[in-house]
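Here the structure is laid out as C-alpha cells; the discussion comes afterwards.
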Amino acid sequence: MTTDLVAVQHTMAENDCCMKGPGYASPLDAMSGPRETLLYVTCFYTGTGRQKADYLATVDVDPSSPTYSKVVHRLRMPYVGDELHHSGWNACSSCHADPLAARRFLVLPCLLSGRIYVTDIQKDLKAPTLHKVIEPHDIIEKTGLGYPHTAHCLASGDIMVSCLGDKEGNAQGSGFFC
C-alpha cells in the first residue's frame, strides 16, 4: 500500500492569524500555528496484487488523544483500480485572507481510473464522507485531458487539477483544468 499525506488543523485560537480564512499567509506563520491533530492519508493498492478499493485514512496525531497515532477511520472508494493520487483542499493558504473560505472538501484525483473523488469533512473531521464522484468521461469530454494528478486550490475559490496526459495518455495533452 502507498500513501500521500494531507494535514488538517482544526484547533485554532481566537486571535490566531488564520481566523481570517484557512491556511497561513507564509510558511513562517504556519510554523508558529497550532499542531495538526488529524492527518488524511490516501492509501492505494496499485501494484500490490490485491484487488481492493483505495481508501482515505484518517490518522489521529494529537499526542493527548487516547487514539494517538492510530487510524481512526477509513473511507473506502466505490471502485477498484483508481490509484488515489495527490489530494488538495477546496480552500488553502491561497485563501488565507478570505473569512468566508473554509476547508470543507478534500479533492482526490485518481491517476489510473481518471476519476476525481470529492470528500466532505464538515459533518465529522474524523470520518469524512464521499460527497461527489466526477467520472473520467466527463473530464475528457469537457477538457480533452486525462490522468488527473494533483488538485490545487486557487485564491479565487476555484480548484485547479493538473493532468499528465490527454485521453489517449499522450504527454503532449498535459495541462490543467478548473
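Each chain in the C-alpha cells gets a letter, A, B and so on, in the order shown; residues start at 1 in every chain, and ligands are counted from 1 in the order they appear.
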
Sort by chain and increasing residue number a table of all residues of range 71-150 of chain A within 8 Å of range 44-63 of chain A, each with its closest pair of atoms and their distance in Å to one decimal, counting only C-alpha atoms, and write it as a Markdown table.
```
| residue | atom | partner | partner_atom | distance |
| --- | --- | --- | --- | --- |
| A:Val71 | CA | A:Val59 | CA | 4.4 |
| A:Val72 | CA | A:Thr58 | CA | 5.7 |
| A:His73 | CA | A:Thr58 | CA | 5.1 |
| A:Arg74 | CA | A:Ala57 | CA | 4.5 |
| A:Leu75 | CA | A:Leu56 | CA | 5.1 |
| A:Arg76 | CA | A:Tyr55 | CA | 4.2 |
| A:Met77 | CA | A:Tyr55 | CA | 5.6 |
| A:Pro78 | CA | A:Ala53 | CA | 6.7 |
| A:Tyr79 | CA | A:Ala53 | CA | 5.6 |
| A:Val80 | CA | A:Ala53 | CA | 4.3 |
| A:Gly81 | CA | A:Thr46 | CA | 6.7 |
| A:Asp82 | CA | A:Asp54 | CA | 6.9 |
| A:Glu83 | CA | A:Phe44 | CA | 5.5 |
| A:Leu84 | CA | A:Phe44 | CA | 6.2 |
| A:Lys126 | CA | A:Thr58 | CA | 6.1 |
| A:Ala127 | CA | A:Thr58 | CA | 7.1 |
```

Selection export as a PDB file, in the first residue's frame, atoms kept: C-alpha atoms:
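Below is the file part.pdb, written as the result:
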```
ATOM      1  CA  VAL A  71      -6.076   5.136  12.024  1.00  0.00           C
ATOM      2  CA  VAL A  72      -9.463   6.245  13.357  1.00  0.00           C
ATOM      3  CA  HIS A  73     -11.435   5.984  10.101  1.00  0.00           C
ATOM      4  CA  ARG A  74     -11.194   4.544   6.592  1.00  0.00           C
ATOM      5  CA  LEU A  75     -13.330   5.946   3.783  1.00  0.00           C
ATOM      6  CA  ARG A  76     -13.301   3.290   1.059  1.00  0.00           C
ATOM      7  CA  MET A  77     -13.772   4.427  -2.514  1.00  0.00           C
ATOM      8  CA  PRO A  78     -16.550   2.747  -4.517  1.00  0.00           C
ATOM      9  CA  TYR A  79     -14.305   1.352  -7.286  1.00  0.00           C
ATOM     10  CA  VAL A  80     -11.181  -0.830  -7.532  1.00  0.00           C
ATOM     11  CA  GLY A  81      -8.126   0.318  -9.514  1.00  0.00           C
ATOM     12  CA  ASP A  82      -8.326   4.100  -9.088  1.00  0.00           C
ATOM     13  CA  GLU A  83      -4.884   4.892  -7.576  1.00  0.00           C
ATOM     14  CA  LEU A  84      -5.718   7.889  -5.432  1.00  0.00           C
ATOM     15  CA  LYS A 126     -12.536  12.197  11.868  1.00  0.00           C
ATOM     16  CA  ALA A 127     -14.902  10.477   9.432  1.00  0.00           C
TER      17      ALA A 127
END
```

message: Using DSSP secondary structure from the backbone, list all helix (DSSP H, G or I) positions within range 24-154 of chain A, as a VMD selection string.
response: chain A and resid 27 to 31 93 to 95 136 to 143

Pull the closest atom pair for each residue of range 85-125 of chain A that gets at most 10 Å from range 130-140 of chain A, along with the distance in Å to one decimal, counting only C-alpha atoms, ordering rows by chain and then ascending residue number, as a tab-separated table.
```
residue	atom	partner	partner_atom	distance
A:Phe105	CA	A:His131	CA	8.2
A:Leu106	CA	A:His131	CA	9.6
A:Val107	CA	A:Lys132	CA	9.6
A:Leu108	CA	A:Val133	CA	9.6
A:Pro109	CA	A:Ile134	CA	9.3
A:Cys110	CA	A:Pro136	CA	9.4
A:Ser113	CA	A:Pro136	CA	7.2
A:Gly114	CA	A:Pro136	CA	4.8
A:Arg115	CA	A:Glu135	CA	4.9
A:Ile116	CA	A:Ile134	CA	5.0
A:Tyr117	CA	A:Val133	CA	4.7
A:Val118	CA	A:Lys132	CA	5.1
A:Thr119	CA	A:Leu130	CA	4.5
A:Asp120	CA	A:His131	CA	5.7
A:Ile121	CA	A:Leu130	CA	9.1
```

Those same residues - all heavy atoms - I'd like them written as a compact mmCIF listing (two decimals), in the first residue's frame.
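So result_15.txt came out as:
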```
# COMPACT_ATOMS: atom_id res chain seq x y z
N PHE A 105 -13.92 20.50 1.64
CA PHE A 105 -13.81 19.40 0.69
C PHE A 105 -12.34 19.06 0.43
O PHE A 105 -11.53 19.93 0.14
CB PHE A 105 -14.48 19.77 -0.64
CG PHE A 105 -15.94 20.05 -0.50
CD1 PHE A 105 -16.42 21.34 -0.62
CD2 PHE A 105 -16.84 19.04 -0.24
CE1 PHE A 105 -17.77 21.62 -0.50
CE2 PHE A 105 -18.20 19.29 -0.11
CZ PHE A 105 -18.66 20.59 -0.24
N LEU A 106 -12.04 17.77 0.50
CA LEU A 106 -10.72 17.27 0.12
C LEU A 106 -10.90 16.59 -1.23
O LEU A 106 -11.72 15.67 -1.37
CB LEU A 106 -10.19 16.31 1.16
CG LEU A 106 -8.76 15.81 0.96
CD1 LEU A 106 -7.76 16.96 0.91
CD2 LEU A 106 -8.38 14.85 2.07
N VAL A 107 -10.17 17.05 -2.24
CA VAL A 107 -10.32 16.59 -3.62
C VAL A 107 -9.25 15.52 -3.88
O VAL A 107 -8.07 15.76 -3.66
CB VAL A 107 -10.19 17.77 -4.60
CG1 VAL A 107 -10.35 17.31 -6.04
CG2 VAL A 107 -11.21 18.86 -4.25
N LEU A 108 -9.69 14.35 -4.37
CA LEU A 108 -8.80 13.20 -4.56
C LEU A 108 -8.77 12.76 -6.03
O LEU A 108 -9.61 11.97 -6.46
CB LEU A 108 -9.30 12.02 -3.70
CG LEU A 108 -9.53 12.29 -2.22
CD1 LEU A 108 -10.21 11.09 -1.57
CD2 LEU A 108 -8.23 12.59 -1.53
N PRO A 109 -7.81 13.25 -6.82
CA PRO A 109 -7.68 12.76 -8.20
C PRO A 109 -7.19 11.31 -8.21
O PRO A 109 -6.44 10.90 -7.33
CB PRO A 109 -6.62 13.68 -8.81
CG PRO A 109 -6.51 14.84 -7.89
CD PRO A 109 -6.87 14.32 -6.53
N CYS A 110 -7.62 10.57 -9.21
CA CYS A 110 -7.21 9.16 -9.36
C CYS A 110 -6.44 9.01 -10.66
O CYS A 110 -6.98 9.19 -11.75
CB CYS A 110 -8.43 8.25 -9.37
SG CYS A 110 -9.40 8.35 -7.86
N SER A 113 -7.66 5.50 -12.97
CA SER A 113 -9.04 5.45 -13.46
C SER A 113 -9.47 6.75 -14.11
O SER A 113 -10.39 6.77 -14.92
CB SER A 113 -10.00 5.12 -12.32
OG SER A 113 -10.10 6.22 -11.43
N GLY A 114 -8.83 7.86 -13.74
CA GLY A 114 -9.23 9.16 -14.26
C GLY A 114 -10.37 9.80 -13.49
O GLY A 114 -10.81 10.89 -13.84
N ARG A 115 -10.86 9.16 -12.46
CA ARG A 115 -11.92 9.73 -11.64
C ARG A 115 -11.34 10.80 -10.70
O ARG A 115 -10.16 10.82 -10.41
CB ARG A 115 -12.58 8.67 -10.75
CG ARG A 115 -13.44 7.73 -11.45
CD ARG A 115 -14.14 6.77 -10.47
NE ARG A 115 -14.82 5.77 -11.24
CZ ARG A 115 -14.26 4.64 -11.66
NH1 ARG A 115 -13.04 4.33 -11.31
NH2 ARG A 115 -14.95 3.81 -12.41
N ILE A 116 -12.26 11.62 -10.18
CA ILE A 116 -11.93 12.54 -9.10
C ILE A 116 -13.02 12.37 -8.04
O ILE A 116 -14.21 12.49 -8.33
CB ILE A 116 -11.86 14.00 -9.58
CG1 ILE A 116 -10.74 14.18 -10.60
CG2 ILE A 116 -11.67 14.95 -8.39
CD1 ILE A 116 -10.65 15.55 -11.23
N TYR A 117 -12.58 12.07 -6.82
CA TYR A 117 -13.50 11.97 -5.69
C TYR A 117 -13.42 13.27 -4.90
O TYR A 117 -12.34 13.83 -4.71
CB TYR A 117 -13.12 10.82 -4.76
CG TYR A 117 -13.25 9.46 -5.39
CD1 TYR A 117 -12.13 8.70 -5.69
CD2 TYR A 117 -14.51 8.92 -5.68
CE1 TYR A 117 -12.25 7.44 -6.25
CE2 TYR A 117 -14.64 7.67 -6.25
CZ TYR A 117 -13.51 6.93 -6.54
OH TYR A 117 -13.63 5.69 -7.10
N VAL A 118 -14.57 13.73 -4.44
CA VAL A 118 -14.64 14.89 -3.56
C VAL A 118 -15.19 14.40 -2.23
O VAL A 118 -16.30 13.87 -2.17
CB VAL A 118 -15.53 16.00 -4.16
CG1 VAL A 118 -15.57 17.21 -3.23
CG2 VAL A 118 -15.04 16.40 -5.55
N THR A 119 -14.39 14.55 -1.17
CA THR A 119 -14.82 14.11 0.15
C THR A 119 -15.18 15.33 0.98
O THR A 119 -14.67 16.43 0.77
CB THR A 119 -13.73 13.29 0.87
OG1 THR A 119 -12.59 14.11 1.05
CG2 THR A 119 -13.36 12.07 0.06
N ASP A 120 -16.07 15.13 1.94
CA ASP A 120 -16.59 16.20 2.79
C ASP A 120 -16.21 15.93 4.24
O ASP A 120 -16.51 14.85 4.75
CB ASP A 120 -18.12 16.25 2.63
CG ASP A 120 -18.76 17.45 3.29
OD1 ASP A 120 -18.13 18.12 4.13
OD2 ASP A 120 -19.93 17.71 2.97
N ILE A 121 -15.55 16.89 4.88
CA ILE A 121 -15.17 16.71 6.29
C ILE A 121 -16.06 17.53 7.23
O ILE A 121 -15.84 17.52 8.44
CB ILE A 121 -13.70 17.09 6.54
CG1 ILE A 121 -13.46 18.57 6.31
CG2 ILE A 121 -12.77 16.23 5.71
CD1 ILE A 121 -12.19 19.09 6.93
```

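Between CA of Thr42 in chain A and CA of Ser69 in chain A the separation is 15.9 Å.
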
Check which residues of range 72-139 of chain A sit at most 12 Å from range 26-31 of chain A using only C-alpha atoms, and return one row each with the closest pair of atoms and their distance in Å to one decimal, ordered by chain and rising number, as a tab-separated table.
```
residue	atom	partner	partner_atom	distance
A:Cys92	CA	A:Ser26	CA	11.8
A:Ser93	CA	A:Ser26	CA	8.1
A:Ser94	CA	A:Ser26	CA	9.9
A:Cys95	CA	A:Ser26	CA	11.8
A:His96	CA	A:Ser26	CA	9.5
A:Ala97	CA	A:Ser26	CA	11.6
```

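Among the candidate residues A:Asn170, A:Asn90, A:Ser65, A:Gln122, the one lying nearest to His152 in chain A is A:Asn90, with distances computed using only C-alpha atoms.
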
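Minimum atom-to-atom distances from A:Ser156, A:Gly146, A:Glu168, A:Arg104 to Lys123 in chain A were compared using only C-alpha atoms, and the lowest value belongs to A:Arg104.
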
message: Would you pick out the contacts of Leu164 in chain A at 7 Å or less, using only C-alpha atoms, so that residues sharing its chain but fewer than 5 positions from it are not included, and give the list as a list in words?
response: Gly146, Tyr147, Pro148, His149, Ala171 and Ser174 of chain A

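Counting only C-alpha atoms, the residue from A:Gly157, A:Gly165, A:Gly144, A:Pro34 that sits nearest to Leu111 in chain A is A:Gly165.
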